[in-house]
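Undergrad: Next comes the structure file coords.txt, holding compact mmCIF, C-alpha atoms and all ligand atoms.
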```
# COMPACT_ATOMS: atom_id res chain seq x y z
CA MET A 240 38.87 -33.02 -42.51
CA SER A 241 42.21 -33.63 -44.13
CA GLY A 242 44.88 -32.11 -41.84
CA GLU A 243 47.13 -33.95 -39.43
CA ALA A 244 45.46 -34.99 -36.18
CA VAL A 245 46.49 -33.75 -32.75
CA LEU A 246 45.09 -35.57 -29.71
CA VAL A 247 43.74 -32.92 -27.32
CA THR A 248 43.03 -34.34 -23.87
CA GLY A 249 40.60 -32.11 -22.00
CA GLY A 250 39.37 -30.59 -25.28
CA ALA A 251 35.85 -30.28 -23.81
CA GLY A 252 37.14 -28.00 -21.03
CA TYR A 253 37.86 -24.28 -20.86
CA ILE A 254 41.41 -24.05 -22.22
CA GLY A 255 41.33 -27.23 -24.32
CA SER A 256 38.28 -26.05 -26.30
CA HIS A 257 40.08 -22.80 -27.21
CA ALA A 258 43.15 -24.83 -28.21
CA CYS A 259 40.97 -26.90 -30.54
CA LYS A 260 39.79 -23.69 -32.21
CA VAL A 261 43.31 -22.41 -32.97
CA LEU A 262 44.52 -25.88 -34.02
CA ALA A 263 41.64 -26.16 -36.50
CA GLN A 264 42.34 -22.65 -37.81
CA ALA A 265 45.98 -23.70 -38.33
CA GLY A 266 44.91 -26.72 -40.41
CA TYR A 267 45.22 -29.48 -37.81
CA VAL A 268 42.40 -31.83 -36.86
CA PRO A 269 41.96 -31.50 -33.09
CA VAL A 270 40.71 -34.83 -31.72
CA THR A 271 39.20 -34.22 -28.28
CA TYR A 272 39.68 -37.01 -25.76
CA ASP A 273 37.66 -36.18 -22.64
CA SER A 274 35.66 -37.95 -19.91
CA LEU A 275 33.39 -34.88 -19.45
CA ILE A 276 34.08 -35.01 -15.70
CA THR A 277 34.30 -31.19 -15.71
CA GLY A 278 33.90 -30.55 -19.45
CA TRP A 279 31.01 -30.08 -21.87
CA ARG A 280 30.03 -31.96 -25.03
CA GLU A 281 28.84 -28.61 -26.50
CA ALA A 282 32.39 -27.23 -26.17
CA VAL A 283 33.68 -29.71 -28.76
CA ARG A 284 33.03 -27.74 -31.93
CA PHE A 285 36.16 -27.84 -34.03
CA GLY A 286 36.96 -31.53 -34.53
CA PRO A 287 35.98 -35.08 -33.59
CA PHE A 288 35.06 -36.10 -30.04
CA GLU A 289 36.19 -39.33 -28.38
CA GLU A 290 34.75 -39.85 -24.93
CA GLY A 291 37.09 -41.64 -22.53
CA CYS A 292 39.11 -41.38 -19.35
CA LEU A 293 42.88 -40.91 -19.28
CA SER A 294 43.19 -43.95 -17.07
CA ASP A 295 41.50 -46.22 -19.63
CA ARG A 296 44.50 -47.60 -21.53
CA ALA A 297 42.48 -49.78 -23.91
CA ARG A 298 40.31 -46.83 -24.95
CA LEU A 299 43.38 -44.63 -25.45
CA ASP A 300 45.04 -47.30 -27.62
CA GLU A 301 41.88 -47.50 -29.74
CA VAL A 302 41.78 -43.70 -30.22
CA PHE A 303 45.49 -43.49 -31.11
CA ALA A 304 45.01 -46.31 -33.64
CA SER A 305 41.97 -44.79 -35.29
CA HIS A 306 43.09 -41.11 -35.53
CA LYS A 307 46.90 -41.55 -35.79
CA PRO A 308 47.72 -38.20 -34.13
CA ILE A 309 51.12 -36.66 -34.79
CA ALA A 310 51.26 -35.10 -31.31
CA VAL A 311 49.45 -34.85 -27.99
CA MET A 312 48.32 -31.71 -26.18
CA HIS A 313 47.54 -32.74 -22.62
CA PHE A 314 45.11 -30.38 -20.86
CA ALA A 315 42.92 -32.91 -19.01
CA ALA A 316 43.27 -32.59 -15.25
CA LEU A 317 41.50 -31.86 -12.03
CA SER A 318 42.45 -28.30 -11.12
CA GLN A 319 40.63 -26.95 -8.07
CA VAL A 320 42.94 -25.93 -5.26
CA GLY A 321 40.26 -26.22 -2.53
CA GLU A 322 39.29 -29.73 -3.63
CA ALA A 323 42.97 -30.72 -3.81
CA MET A 324 43.45 -29.62 -0.19
CA ALA A 325 40.46 -31.70 0.95
CA GLU A 326 40.98 -34.77 -1.28
CA PRO A 327 44.66 -35.09 -2.26
CA GLY A 328 44.24 -38.74 -3.30
CA LYS A 329 41.87 -37.66 -6.07
CA TYR A 330 44.67 -35.45 -7.48
CA TRP A 331 47.45 -38.03 -7.24
CA ARG A 332 45.21 -40.62 -8.90
CA GLY A 333 43.33 -38.35 -11.35
CA ASN A 334 46.32 -36.30 -12.47
CA VAL A 335 49.51 -38.27 -11.83
CA CYS A 336 48.43 -41.92 -12.33
CA ALA A 337 46.14 -40.99 -15.23
CA SER A 338 48.89 -38.98 -16.97
CA LEU A 339 51.25 -41.94 -16.61
CA THR A 340 48.75 -44.08 -18.51
CA LEU A 341 48.45 -41.41 -21.22
CA ILE A 342 52.23 -41.04 -21.57
CA GLU A 343 52.70 -44.82 -21.86
CA ALA A 344 49.94 -45.01 -24.48
CA THR A 345 51.53 -42.10 -26.39
CA ILE A 346 54.90 -43.83 -26.50
CA ALA A 347 53.37 -47.19 -27.45
CA ALA A 348 51.61 -45.47 -30.37
CA GLY A 349 54.94 -44.12 -31.63
CA VAL A 350 54.04 -40.47 -30.96
CA ARG A 351 56.98 -38.43 -29.68
CA ASP A 352 55.79 -34.79 -29.50
CA PHE A 353 53.90 -33.85 -26.32
CA VAL A 354 52.68 -30.47 -25.03
CA PHE A 355 51.72 -30.33 -21.35
CA SER A 356 49.67 -27.90 -19.20
CA SER A 357 51.51 -27.21 -16.01
CA THR A 358 50.97 -24.33 -13.63
CA CYS A 359 52.56 -21.59 -11.57
CA ALA A 360 50.89 -23.37 -8.62
CA THR A 361 53.98 -25.65 -8.75
CA TYR A 362 56.06 -22.76 -7.34
CA GLY A 363 54.29 -22.12 -4.03
CA ASP A 364 55.18 -18.96 -2.13
CA GLN A 365 58.52 -17.42 -3.13
CA ASP A 366 58.54 -14.22 -1.10
CA GLY A 367 57.81 -11.67 -3.80
CA VAL A 368 60.23 -12.88 -6.51
CA LEU A 369 59.24 -12.79 -10.17
CA LEU A 370 58.99 -16.41 -11.23
CA ASP A 371 60.80 -18.00 -14.15
CA GLU A 372 61.64 -21.47 -15.43
CA ASP A 373 64.65 -21.83 -13.10
CA CYS A 374 62.83 -21.04 -9.84
CA ALA A 375 62.47 -23.81 -7.28
CA GLN A 376 59.11 -25.57 -7.21
CA ASN A 377 57.60 -25.90 -3.72
CA PRO A 378 53.86 -26.39 -4.27
CA LEU A 379 51.46 -25.58 -1.43
CA ASN A 380 48.78 -28.09 -2.39
CA ALA A 381 48.26 -31.50 -4.01
CA TYR A 382 47.17 -29.87 -7.27
CA GLY A 383 50.54 -28.11 -7.71
CA ALA A 384 52.37 -31.20 -6.44
CA SER A 385 50.60 -33.42 -8.97
CA LYS A 386 51.63 -31.11 -11.83
CA ARG A 387 55.24 -31.01 -10.65
CA ALA A 388 55.25 -34.82 -10.54
CA ILE A 389 54.00 -35.02 -14.15
CA GLU A 390 56.76 -32.62 -15.23
CA ASP A 391 59.29 -34.99 -13.62
CA MET A 392 57.64 -37.95 -15.31
CA LEU A 393 58.01 -36.30 -18.73
CA ALA A 394 61.73 -35.80 -18.10
CA ASP A 395 62.14 -39.50 -17.21
CA PHE A 396 60.32 -40.65 -20.36
CA ALA A 397 62.40 -38.25 -22.43
CA ALA A 398 65.51 -40.06 -21.26
CA SER A 399 64.10 -43.59 -21.61
CA ASP A 400 61.92 -43.33 -24.74
CA GLY A 401 62.87 -40.17 -26.59
CA LEU A 402 59.64 -38.32 -25.75
CA ASN A 403 59.97 -34.60 -26.65
CA SER A 404 57.88 -32.28 -24.55
CA VAL A 405 57.05 -28.65 -24.16
CA ILE A 406 55.84 -27.87 -20.65
CA PHE A 407 53.88 -24.65 -20.20
CA ARG A 408 53.52 -23.29 -16.68
CA TYR A 409 50.48 -21.06 -16.92
CA PHE A 410 49.76 -18.20 -14.62
CA ASN A 411 46.04 -17.37 -14.19
CA VAL A 412 44.10 -17.93 -17.38
CA ALA A 413 41.19 -15.58 -18.11
CA GLY A 414 38.97 -14.25 -20.89
CA ALA A 415 37.23 -16.16 -23.65
CA ASP A 416 37.09 -16.64 -27.40
CA PRO A 417 36.26 -13.14 -28.77
CA ASP A 418 33.61 -14.78 -31.03
CA ALA A 419 32.06 -16.30 -27.86
CA GLU A 420 31.83 -19.73 -29.53
CA VAL A 421 33.53 -21.25 -26.45
CA GLY A 422 34.41 -19.85 -23.03
CA GLU A 423 35.01 -20.56 -19.37
CA PHE A 424 32.20 -22.58 -17.80
CA HIS A 425 32.95 -24.54 -14.65
CA ARG A 426 30.32 -26.06 -12.36
CA PRO A 427 31.03 -25.33 -9.58
CA GLU A 428 32.95 -22.19 -10.58
CA THR A 429 35.94 -21.33 -8.37
CA HIS A 430 37.83 -18.81 -10.53
CA LEU A 431 37.83 -15.15 -9.67
CA ILE A 432 36.71 -13.40 -12.88
CA PRO A 433 33.66 -15.59 -13.71
CA LEU A 434 32.60 -15.36 -10.04
CA ILE A 435 32.81 -11.56 -10.18
CA LEU A 436 30.67 -11.58 -13.35
CA ASP A 437 28.12 -13.87 -11.61
CA ALA A 438 27.93 -11.37 -8.73
CA ILE A 439 27.51 -8.45 -11.15
CA ASP A 440 24.51 -9.96 -12.91
CA GLY A 441 22.89 -11.39 -9.78
CA LYS A 442 23.68 -15.09 -10.41
CA ARG A 443 25.19 -15.06 -6.89
CA ASP A 444 24.66 -12.70 -3.99
CA ALA A 445 28.19 -11.31 -3.69
CA LEU A 446 31.79 -12.08 -4.44
CA THR A 447 33.70 -13.14 -1.32
CA ILE A 448 37.28 -11.89 -1.18
CA HIS A 449 39.31 -14.80 0.21
CA GLY A 450 41.55 -13.01 2.67
CA SER A 451 42.29 -9.31 3.03
CA ASP A 452 45.21 -9.52 5.48
CA TYR A 453 47.92 -10.73 3.09
CA PRO A 454 51.27 -8.87 3.00
CA THR A 455 50.41 -7.03 -0.25
CA PRO A 456 49.65 -3.31 -0.80
CA ASP A 457 45.86 -3.76 -0.43
CA GLY A 458 45.88 -6.98 1.64
CA THR A 459 44.58 -9.27 -1.14
CA CYS A 460 46.45 -11.90 -3.18
CA VAL A 461 48.23 -10.92 -6.39
CA ARG A 462 48.07 -12.94 -9.61
CA ASP A 463 49.33 -12.59 -13.20
CA TYR A 464 46.42 -13.01 -15.65
CA VAL A 465 46.87 -14.20 -19.24
CA HIS A 466 44.22 -14.27 -21.99
CA VAL A 467 43.16 -17.79 -22.99
CA MET A 468 43.57 -16.96 -26.72
CA ASP A 469 47.18 -15.83 -26.14
CA LEU A 470 47.78 -18.94 -24.08
CA VAL A 471 46.56 -21.37 -26.74
CA GLU A 472 48.50 -19.46 -29.41
CA ALA A 473 51.64 -20.31 -27.39
CA HIS A 474 50.63 -23.99 -27.54
CA LEU A 475 50.38 -23.86 -31.31
CA GLN A 476 53.79 -22.15 -31.50
CA GLY A 477 55.25 -24.75 -29.08
CA LEU A 478 53.85 -27.60 -31.17
CA ASN A 479 55.20 -26.17 -34.43
CA TRP A 480 58.57 -25.49 -32.76
CA LEU A 481 58.80 -29.13 -31.63
CA ARG A 482 57.73 -30.42 -35.03
CA ALA A 483 60.22 -28.20 -36.87
CA GLY A 484 63.00 -29.81 -34.85
CA HIS A 485 63.97 -26.62 -33.02
CA GLY A 486 63.01 -27.99 -29.62
CA PRO A 487 64.30 -31.08 -27.92
CA ARG A 488 64.89 -33.99 -30.32
CA ASP A 489 65.23 -37.64 -29.33
CA GLY A 490 64.15 -36.86 -25.80
CA GLY A 491 64.05 -33.73 -23.74
CA SER A 492 61.60 -31.36 -22.17
CA GLU A 493 61.63 -27.60 -22.42
CA ARG A 494 59.73 -25.46 -19.90
CA PHE A 495 58.10 -22.09 -20.49
CA CYS A 496 56.23 -19.76 -18.14
CA LEU A 497 53.15 -18.16 -19.70
CA GLY A 498 52.23 -14.91 -17.98
CA THR A 499 52.51 -11.21 -18.71
CA GLY A 500 54.74 -10.15 -15.81
CA LYS A 501 52.05 -7.82 -14.41
CA GLY A 502 50.41 -8.61 -11.07
CA PHE A 503 46.82 -7.67 -10.15
CA SER A 504 45.39 -7.90 -6.65
CA VAL A 505 41.91 -9.35 -6.12
CA ARG A 506 40.62 -5.84 -5.36
CA GLU A 507 42.17 -4.49 -8.58
CA VAL A 508 40.45 -7.20 -10.64
CA VAL A 509 37.13 -6.41 -8.95
CA ALA A 510 37.57 -2.70 -9.71
CA ALA A 511 38.46 -3.40 -13.35
CA ALA A 512 35.37 -5.61 -13.77
CA GLY A 513 33.15 -2.86 -12.32
CA SER A 514 34.58 -0.36 -14.74
CA VAL A 515 34.48 -2.55 -17.89
CA THR A 516 30.88 -3.65 -17.28
CA ASN A 517 29.87 -0.28 -15.82
CA ARG A 518 28.03 -2.15 -13.07
CA PRO A 519 28.56 -2.35 -9.28
CA VAL A 520 30.22 -5.53 -7.95
CA PRO A 521 28.52 -6.76 -4.76
CA MET A 522 31.30 -8.10 -2.53
CA GLN A 523 32.23 -9.05 1.00
CA GLU A 524 35.44 -9.93 2.77
CA GLY A 525 35.95 -13.48 3.99
CA PRO A 526 38.74 -15.60 5.50
CA ARG A 527 41.78 -16.82 3.59
CA ARG A 528 41.32 -19.87 1.33
CA GLY A 529 43.67 -22.76 2.20
CA GLY A 530 46.45 -23.46 -0.31
CA ASP A 531 46.59 -19.92 -1.80
CA ALA A 532 50.00 -18.37 -2.49
CA VAL A 533 50.32 -14.65 -1.68
CA ARG A 534 51.74 -13.54 -5.01
CA LEU A 535 52.33 -15.39 -8.30
CA VAL A 536 53.76 -13.24 -11.09
CA SER A 537 55.88 -14.30 -14.05
CA GLY A 538 59.34 -12.85 -14.57
CA SER A 539 60.08 -14.86 -17.69
CA GLU A 540 60.78 -13.66 -21.25
CA LYS A 541 61.63 -17.13 -22.53
CA ALA A 542 58.41 -17.89 -24.46
CA GLY A 543 58.81 -14.56 -26.27
CA ARG A 544 62.50 -15.06 -26.98
CA VAL A 545 62.37 -18.72 -28.04
CA LEU A 546 58.89 -19.18 -29.50
CA GLY A 547 58.19 -15.60 -30.60
CA TRP A 548 55.14 -15.48 -28.30
CA THR A 549 53.49 -12.10 -27.65
CA PRO A 550 50.48 -12.00 -25.33
CA ALA A 551 48.65 -9.42 -27.45
CA ARG A 552 45.15 -9.71 -25.89
CA SER A 553 46.19 -10.03 -22.24
CA THR A 554 45.23 -6.63 -20.86
CA MET A 555 42.86 -6.75 -17.89
CA PRO A 556 40.05 -4.74 -19.62
CA GLN A 557 40.26 -6.98 -22.73
CA MET A 558 40.16 -10.20 -20.68
CA ILE A 559 37.15 -8.98 -18.71
CA GLN A 560 35.41 -7.68 -21.86
CA ASP A 561 35.79 -11.06 -23.63
CA ALA A 562 34.76 -12.99 -20.49
CA TRP A 563 31.72 -10.71 -20.10
CA ARG A 564 30.64 -11.23 -23.74
CA TRP A 565 30.84 -15.00 -23.26
CA HIS A 566 29.14 -14.79 -19.84
CA GLN A 567 26.15 -13.05 -21.40
CA THR A 568 25.55 -16.02 -23.74
CA GLY A 569 24.65 -18.03 -20.62
CA GLY A 570 27.31 -20.69 -21.26
CA TYR A 571 26.69 -24.31 -22.16
CA ASP A 572 23.50 -24.83 -20.15
CA ALA A 573 21.79 -21.69 -21.47
N1 LIG B 601 42.41 -22.29 -15.71
C1 LIG B 601 43.60 -21.88 -15.26
O1 LIG B 601 43.77 -20.72 -14.81
C2 LIG B 601 44.78 -22.80 -15.32
C3 LIG B 601 46.02 -22.31 -14.88
C4 LIG B 601 47.12 -23.16 -14.91
C5 LIG B 601 47.02 -24.45 -15.43
N2 LIG B 601 45.81 -24.89 -15.84
C6 LIG B 601 45.75 -26.24 -16.39
O2 LIG B 601 45.14 -26.20 -17.69
C7 LIG B 601 44.44 -27.41 -17.95
C8 LIG B 601 43.03 -27.09 -18.40
O3 LIG B 601 42.37 -26.34 -17.37
P1 LIG B 601 40.88 -25.83 -17.57
O4 LIG B 601 40.74 -24.59 -16.75
O5 LIG B 601 40.55 -25.81 -19.01
O6 LIG B 601 40.08 -27.00 -16.84
P2 LIG B 601 38.68 -27.68 -17.25
O7 LIG B 601 38.20 -28.36 -16.01
O8 LIG B 601 37.77 -26.67 -17.88
O9 LIG B 601 39.09 -28.72 -18.34
C9 LIG B 601 39.66 -29.96 -18.05
C10 LIG B 601 39.05 -30.99 -18.97
O10 LIG B 601 39.69 -32.24 -18.74
C11 LIG B 601 38.71 -33.26 -18.65
N3 LIG B 601 39.25 -34.31 -17.79
C12 LIG B 601 39.67 -34.18 -16.50
N4 LIG B 601 40.13 -35.37 -16.05
C13 LIG B 601 40.03 -36.25 -17.09
C14 LIG B 601 40.38 -37.62 -17.25
N5 LIG B 601 40.90 -38.34 -16.25
N6 LIG B 601 40.16 -38.20 -18.45
C15 LIG B 601 39.64 -37.48 -19.48
N7 LIG B 601 39.29 -36.19 -19.38
C16 LIG B 601 39.48 -35.58 -18.20
C17 LIG B 601 37.49 -32.57 -18.09
O11 LIG B 601 36.28 -33.24 -18.35
C18 LIG B 601 37.57 -31.20 -18.75
O12 LIG B 601 36.88 -31.17 -19.97
C19 LIG B 601 44.51 -28.21 -16.65
O13 LIG B 601 45.56 -29.15 -16.79
C20 LIG B 601 44.86 -27.17 -15.59
O14 LIG B 601 45.56 -27.74 -14.53
C21 LIG B 601 44.68 -24.10 -15.80
O1 LIG B 602 35.64 -16.22 -4.93
C1 LIG B 602 36.86 -15.97 -5.01
C2 LIG B 602 37.72 -16.69 -5.89
C3 LIG B 602 39.06 -16.38 -5.89
N1 LIG B 602 39.54 -15.41 -5.09
C4 LIG B 602 40.97 -15.09 -5.10
O2 LIG B 602 41.32 -14.73 -6.41
C5 LIG B 602 42.65 -15.17 -6.71
C6 LIG B 602 42.62 -16.03 -7.95
O3 LIG B 602 41.92 -17.24 -7.63
P1 LIG B 602 41.50 -18.33 -8.73
O4 LIG B 602 40.75 -19.41 -8.00
O5 LIG B 602 40.82 -17.63 -9.86
O6 LIG B 602 42.87 -18.90 -9.29
P2 LIG B 602 44.15 -19.46 -8.46
O7 LIG B 602 45.08 -18.35 -8.25
O8 LIG B 602 43.71 -20.28 -7.31
O9 LIG B 602 44.81 -20.40 -9.55
C7 LIG B 602 45.28 -21.69 -9.28
O10 LIG B 602 44.51 -22.63 -9.87
C8 LIG B 602 44.38 -22.49 -11.27
C9 LIG B 602 43.57 -23.64 -11.74
O11 LIG B 602 42.32 -23.64 -11.18
C10 LIG B 602 45.70 -22.49 -11.96
O12 LIG B 602 46.29 -23.74 -11.99
C11 LIG B 602 46.65 -21.51 -11.31
O13 LIG B 602 47.94 -21.72 -11.84
C12 LIG B 602 46.67 -21.78 -9.84
O14 LIG B 602 47.51 -20.82 -9.20
C13 LIG B 602 43.13 -15.94 -5.47
O15 LIG B 602 43.87 -15.08 -4.68
C14 LIG B 602 41.83 -16.28 -4.73
O16 LIG B 602 41.98 -16.39 -3.34
C15 LIG B 602 38.71 -14.70 -4.23
O17 LIG B 602 39.14 -13.82 -3.48
N2 LIG B 602 37.39 -15.01 -4.23
```
Show me, as structure tokens, the structure contained in the file I just sent.

TA:
Amino acid sequence: MSGEAVLVTGGAGYIGSHACKVLAQAGYVPVTYDSLITGWREAVRFGPFEEGCLSDRARLDEVFASHKPIAVMHFAALSQVGEAMAEPGKYWRGNVCASLTLIEATIAAGVRDFVFSSTCATYGDQDGVLLDEDCAQNPLNAYGASKRAIEDMLADFAASDGLNSVIFRYFNVAGADPDAEVGEFHRPETHLIPLILDAIDGKRDALTIHGSDYPTPDGTCVRDYVHVMDLVEAHLQGLNWLRAGHGPRDGGSERFCLGTGKGFSVREVVAAAGSVTNRPVPMQEGPRRGGDAVRLVSGSEKAGRVLGWTPARSTMPQMIQDAWRWHQTGGYDA
């Protein structure tokens, strides 16, 4: 492998593994740094693997010294809303304190370009507005709060140490690599589309709809879904934009929302999955899940305008089709 190295934290997870694939296709060497707390060794297929935790500064220093990455893509995080409601300390320690250690190690290694996974969960409920980079951030749970805190941290280190960052606030990520080499595989799974697919093929009894009395047209929550391949393409464009000197230089952070601007209710996603797979979806209605916002939909054109990003694969049937193809491989413990 002869390209320039990019340190990919969380490269053994869902989104990070897809990012490694596009980085490798673009000629970079994606070096996965991951503790495997929620990730999979088998997902690391496109570059070297370095096992380690973000909070282990000595291990990070060793990995920076041996691979000499030109940039960091930081995906590693805990990201379950329910768990964050029950155990907020885990999120402040595992996301905020651990990211501080990573950022300090990055700066000490002389690396200045940093791409960060943030989330629309930083916005909280905003009463039906389409969300963009200028909207206020009022997270409803410790997961969203931890991501907002890391965004603030990046701005502080931009001012003090000249760190240049691109912050992507993702809406709901879905789908899988169309070649099904990697895909979404969480244990336990909490995300809607893989849970629907589990219900369709009998891996669970039924999908439970978390709340059907929300103030939306059909009573269920609305989300904006973006294909994981489109999402990681934006990361590559963001990295190249930073490296070409078009982004912040000598310290700054630029934020981008990554969504399509189209909202789907839980019932609409269930119906689309039934029609793409041509199978019935066993389901039942249950109570609301704590920490859920009613509606999260992007109203931003900035990633398209500034980075030239076009979410070409992000239609609901395509996302479900690609997720279904991956699902049928059985995932990493098949
Ligand atoms: N999936 C979504 O819809 C979504 C939406 C918005 C933002 N995000 C963000 O995208 C990123 C990736 O999410 P994902 O769905 O791929 O999650 P994931 O759980 O599949 O991947 C996270 C990876 O990070 C690793 N990790 C976690 N803590 C670590 C630590 N302290 N040290 C080293 N490795 C650690 C895990 O082992 C795992 O491989 C996260 O930052 C998440 O908050 C995800
Ligand atoms: O069994 C389920 C699972 C989910 N849902 C509903 O489906 C929608 C989507 O839920 P997900 O758990 O798939 O995703 P979230 O909207 O909770 O996503 C949140 O967590 C993600 C990371 O896990 C991202 O960070 C994202 O930005 C953040 O809003 C929500 O209304 C949820 O209540 C159900 O009805 N039943």

Undergrad: Restricting the calculation to all atoms listed in the file: of A:Gly543, A:Gly291, A:Gly252, A:Gly502, which residue gets closest to A:Ala337?

TA: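 Counting all atoms listed in the file, the residue closest to A:Ala337 is A:Gly291.
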
Undergrad: Each residue of chain A with at least one atom at most 8 Å from ligand LIG 602 (chain B) should appear once, together with its nearest atom pair and the corresponding distance in Å (one decimal); atoms considered: all atoms listed in the file; ordering: chain, then increasing residue number; output as JSON lines.

TA:
```
{"residue": "A:Ser318", "atom": "CA", "partner": "B:LIG602", "partner_atom": "O11", "distance": 4.7}
{"residue": "A:Gln319", "atom": "CA", "partner": "B:LIG602", "partner_atom": "O11", "distance": 4.8}
{"residue": "A:Val320", "atom": "CA", "partner": "B:LIG602", "partner_atom": "O10", "distance": 5.9}
{"residue": "A:Ser357", "atom": "CA", "partner": "B:LIG602", "partner_atom": "O12", "distance": 7.4}
{"residue": "A:Thr358", "atom": "CA", "partner": "B:LIG602", "partner_atom": "O13", "distance": 4.4}
{"residue": "A:Cys359", "atom": "CA", "partner": "B:LIG602", "partner_atom": "O13", "distance": 4.6}
{"residue": "A:Ala360", "atom": "CA", "partner": "B:LIG602", "partner_atom": "O14", "distance": 4.3}
{"residue": "A:Thr361", "atom": "CA", "partner": "B:LIG602", "partner_atom": "O13", "distance": 7.8}
{"residue": "A:Tyr382", "atom": "CA", "partner": "B:LIG602", "partner_atom": "O12", "distance": 7.8}
{"residue": "A:Gly383", "atom": "CA", "partner": "B:LIG602", "partner_atom": "O12", "distance": 7.4}
{"residue": "A:Arg408", "atom": "CA", "partner": "B:LIG602", "partner_atom": "O13", "distance": 7.6}
{"residue": "A:Tyr409", "atom": "CA", "partner": "B:LIG602", "partner_atom": "O13", "distance": 5.7}
{"residue": "A:Phe410", "atom": "CA", "partner": "B:LIG602", "partner_atom": "O13", "distance": 4.8}
{"residue": "A:Asn411", "atom": "CA", "partner": "B:LIG602", "partner_atom": "C11", "distance": 5.1}
{"residue": "A:Val412", "atom": "CA", "partner": "B:LIG602", "partner_atom": "C10", "distance": 7.3}
{"residue": "A:Thr429", "atom": "CA", "partner": "B:LIG602", "partner_atom": "O4", "distance": 5.2}
{"residue": "A:His430", "atom": "CA", "partner": "B:LIG602", "partner_atom": "O5", "distance": 3.3}
{"residue": "A:Leu431", "atom": "CA", "partner": "B:LIG602", "partner_atom": "O5", "distance": 3.9}
{"residue": "A:Ile432", "atom": "CA", "partner": "B:LIG602", "partner_atom": "O5", "distance": 6.6}
{"residue": "A:Leu434", "atom": "CA", "partner": "B:LIG602", "partner_atom": "O1", "distance": 6.0}
{"residue": "A:Ile435", "atom": "CA", "partner": "B:LIG602", "partner_atom": "O1", "distance": 7.6}
{"residue": "A:Leu446", "atom": "CA", "partner": "B:LIG602", "partner_atom": "O1", "distance": 5.7}
{"residue": "A:Thr447", "atom": "CA", "partner": "B:LIG602", "partner_atom": "N2", "distance": 5.1}
{"residue": "A:Ile448", "atom": "CA", "partner": "B:LIG602", "partner_atom": "O17", "distance": 3.5}
{"residue": "A:His449", "atom": "CA", "partner": "B:LIG602", "partner_atom": "O17", "distance": 3.8}
{"residue": "A:Gly450", "atom": "CA", "partner": "B:LIG602", "partner_atom": "O17", "distance": 6.7}
{"residue": "A:Thr459", "atom": "CA", "partner": "B:LIG602", "partner_atom": "O15", "distance": 6.8}
{"residue": "A:Cys460", "atom": "CA", "partner": "B:LIG602", "partner_atom": "O15", "distance": 4.4}
{"residue": "A:Val461", "atom": "CA", "partner": "B:LIG602", "partner_atom": "O15", "distance": 6.3}
{"residue": "A:Arg462", "atom": "CA", "partner": "B:LIG602", "partner_atom": "O7", "distance": 6.3}
{"residue": "A:Ser504", "atom": "CA", "partner": "B:LIG602", "partner_atom": "O15", "distance": 7.6}
{"residue": "A:Val505", "atom": "CA", "partner": "B:LIG602", "partner_atom": "O2", "distance": 5.4}
{"residue": "A:Arg527", "atom": "CA", "partner": "B:LIG602", "partner_atom": "O16", "distance": 6.9}
{"residue": "A:Arg528", "atom": "CA", "partner": "B:LIG602", "partner_atom": "O16", "distance": 5.9}
{"residue": "A:Asp531", "atom": "CA", "partner": "B:LIG602", "partner_atom": "O16", "distance": 6.0}
{"residue": "A:Ala532", "atom": "CA", "partner": "B:LIG602", "partner_atom": "O15", "distance": 7.3}
{"residue": "A:Val533", "atom": "CA", "partner": "B:LIG602", "partner_atom": "O15", "distance": 7.1}
{"residue": "A:Leu535", "atom": "CA", "partner": "B:LIG602", "partner_atom": "O14", "distance": 7.3}
```

Undergrad: As an exercise, work out the distance from atom CA of A:Leu369 to atom CA of A:Phe503 in Å and give it to one decimal place.

TA: 13.4 Å

Undergrad: Would you kindly return, as an MDAnalysis selection string, each protein, DNA or RNA residue with an atom no farther than 9 Å from any atom of A:Arg564, considering all atoms listed in the file and excluding same-chain residues fewer than 3 positions away?

TA: chainID A and resid 415 417:419 559:561 567:568

Undergrad: Hey, can you spit out that residue selection with C-alpha atoms as a PDB file, keeping the file's coordinate frame?

TA:
```pdb
ATOM      1  CA  ALA A 415      37.230 -16.160 -23.650  1.00  0.00           C
ATOM      2  CA  PRO A 417      36.260 -13.140 -28.770  1.00  0.00           C
ATOM      3  CA  ASP A 418      33.610 -14.780 -31.030  1.00  0.00           C
ATOM      4  CA  ALA A 419      32.060 -16.300 -27.860  1.00  0.00           C
ATOM      5  CA  ILE A 559      37.150  -8.980 -18.710  1.00  0.00           C
ATOM      6  CA  GLN A 560      35.410  -7.680 -21.860  1.00  0.00           C
ATOM      7  CA  ASP A 561      35.790 -11.060 -23.630  1.00  0.00           C
ATOM      8  CA  GLN A 567      26.150 -13.050 -21.400  1.00  0.00           C
ATOM      9  CA  THR A 568      25.550 -16.020 -23.740  1.00  0.00           C
TER      10      THR A 568
END
```

Undergrad: A:Ala316, A:Ala325, A:Ala397, A:Ala438: which is nearest A:Arg488, counting all atoms listed in the file?

TA: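 When distances to A:Arg488 are compared using all atoms listed in the file, the smallest one comes from A:Ala397.
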
Undergrad: So which residues touch A:Leu470 within 9 Å, counting only C-alpha atoms, skipping near sequence neighbours fewer than 5 positions away, as a short mmCIF file (atom, residue, chain, number, x, y, z; two decimals) with C-alpha atoms, in the frame of the given file?

TA:
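Just written: selection.cif:
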```
data_model
loop_
_atom_site.label_atom_id
_atom_site.label_comp_id
_atom_site.auth_asym_id
_atom_site.auth_seq_id
_atom_site.Cartn_x
_atom_site.Cartn_y
_atom_site.Cartn_z
CA ILE A 254 41.41 -24.05 -22.22
CA ALA A 258 43.15 -24.83 -28.21
CA TYR A 409 50.48 -21.06 -16.92
CA VAL A 412 44.10 -17.93 -17.38
CA VAL A 465 46.87 -14.20 -19.24
CA LEU A 497 53.15 -18.16 -19.70
CA GLY A 498 52.23 -14.91 -17.98
CA PRO A 550 50.48 -12.00 -25.33
#
```
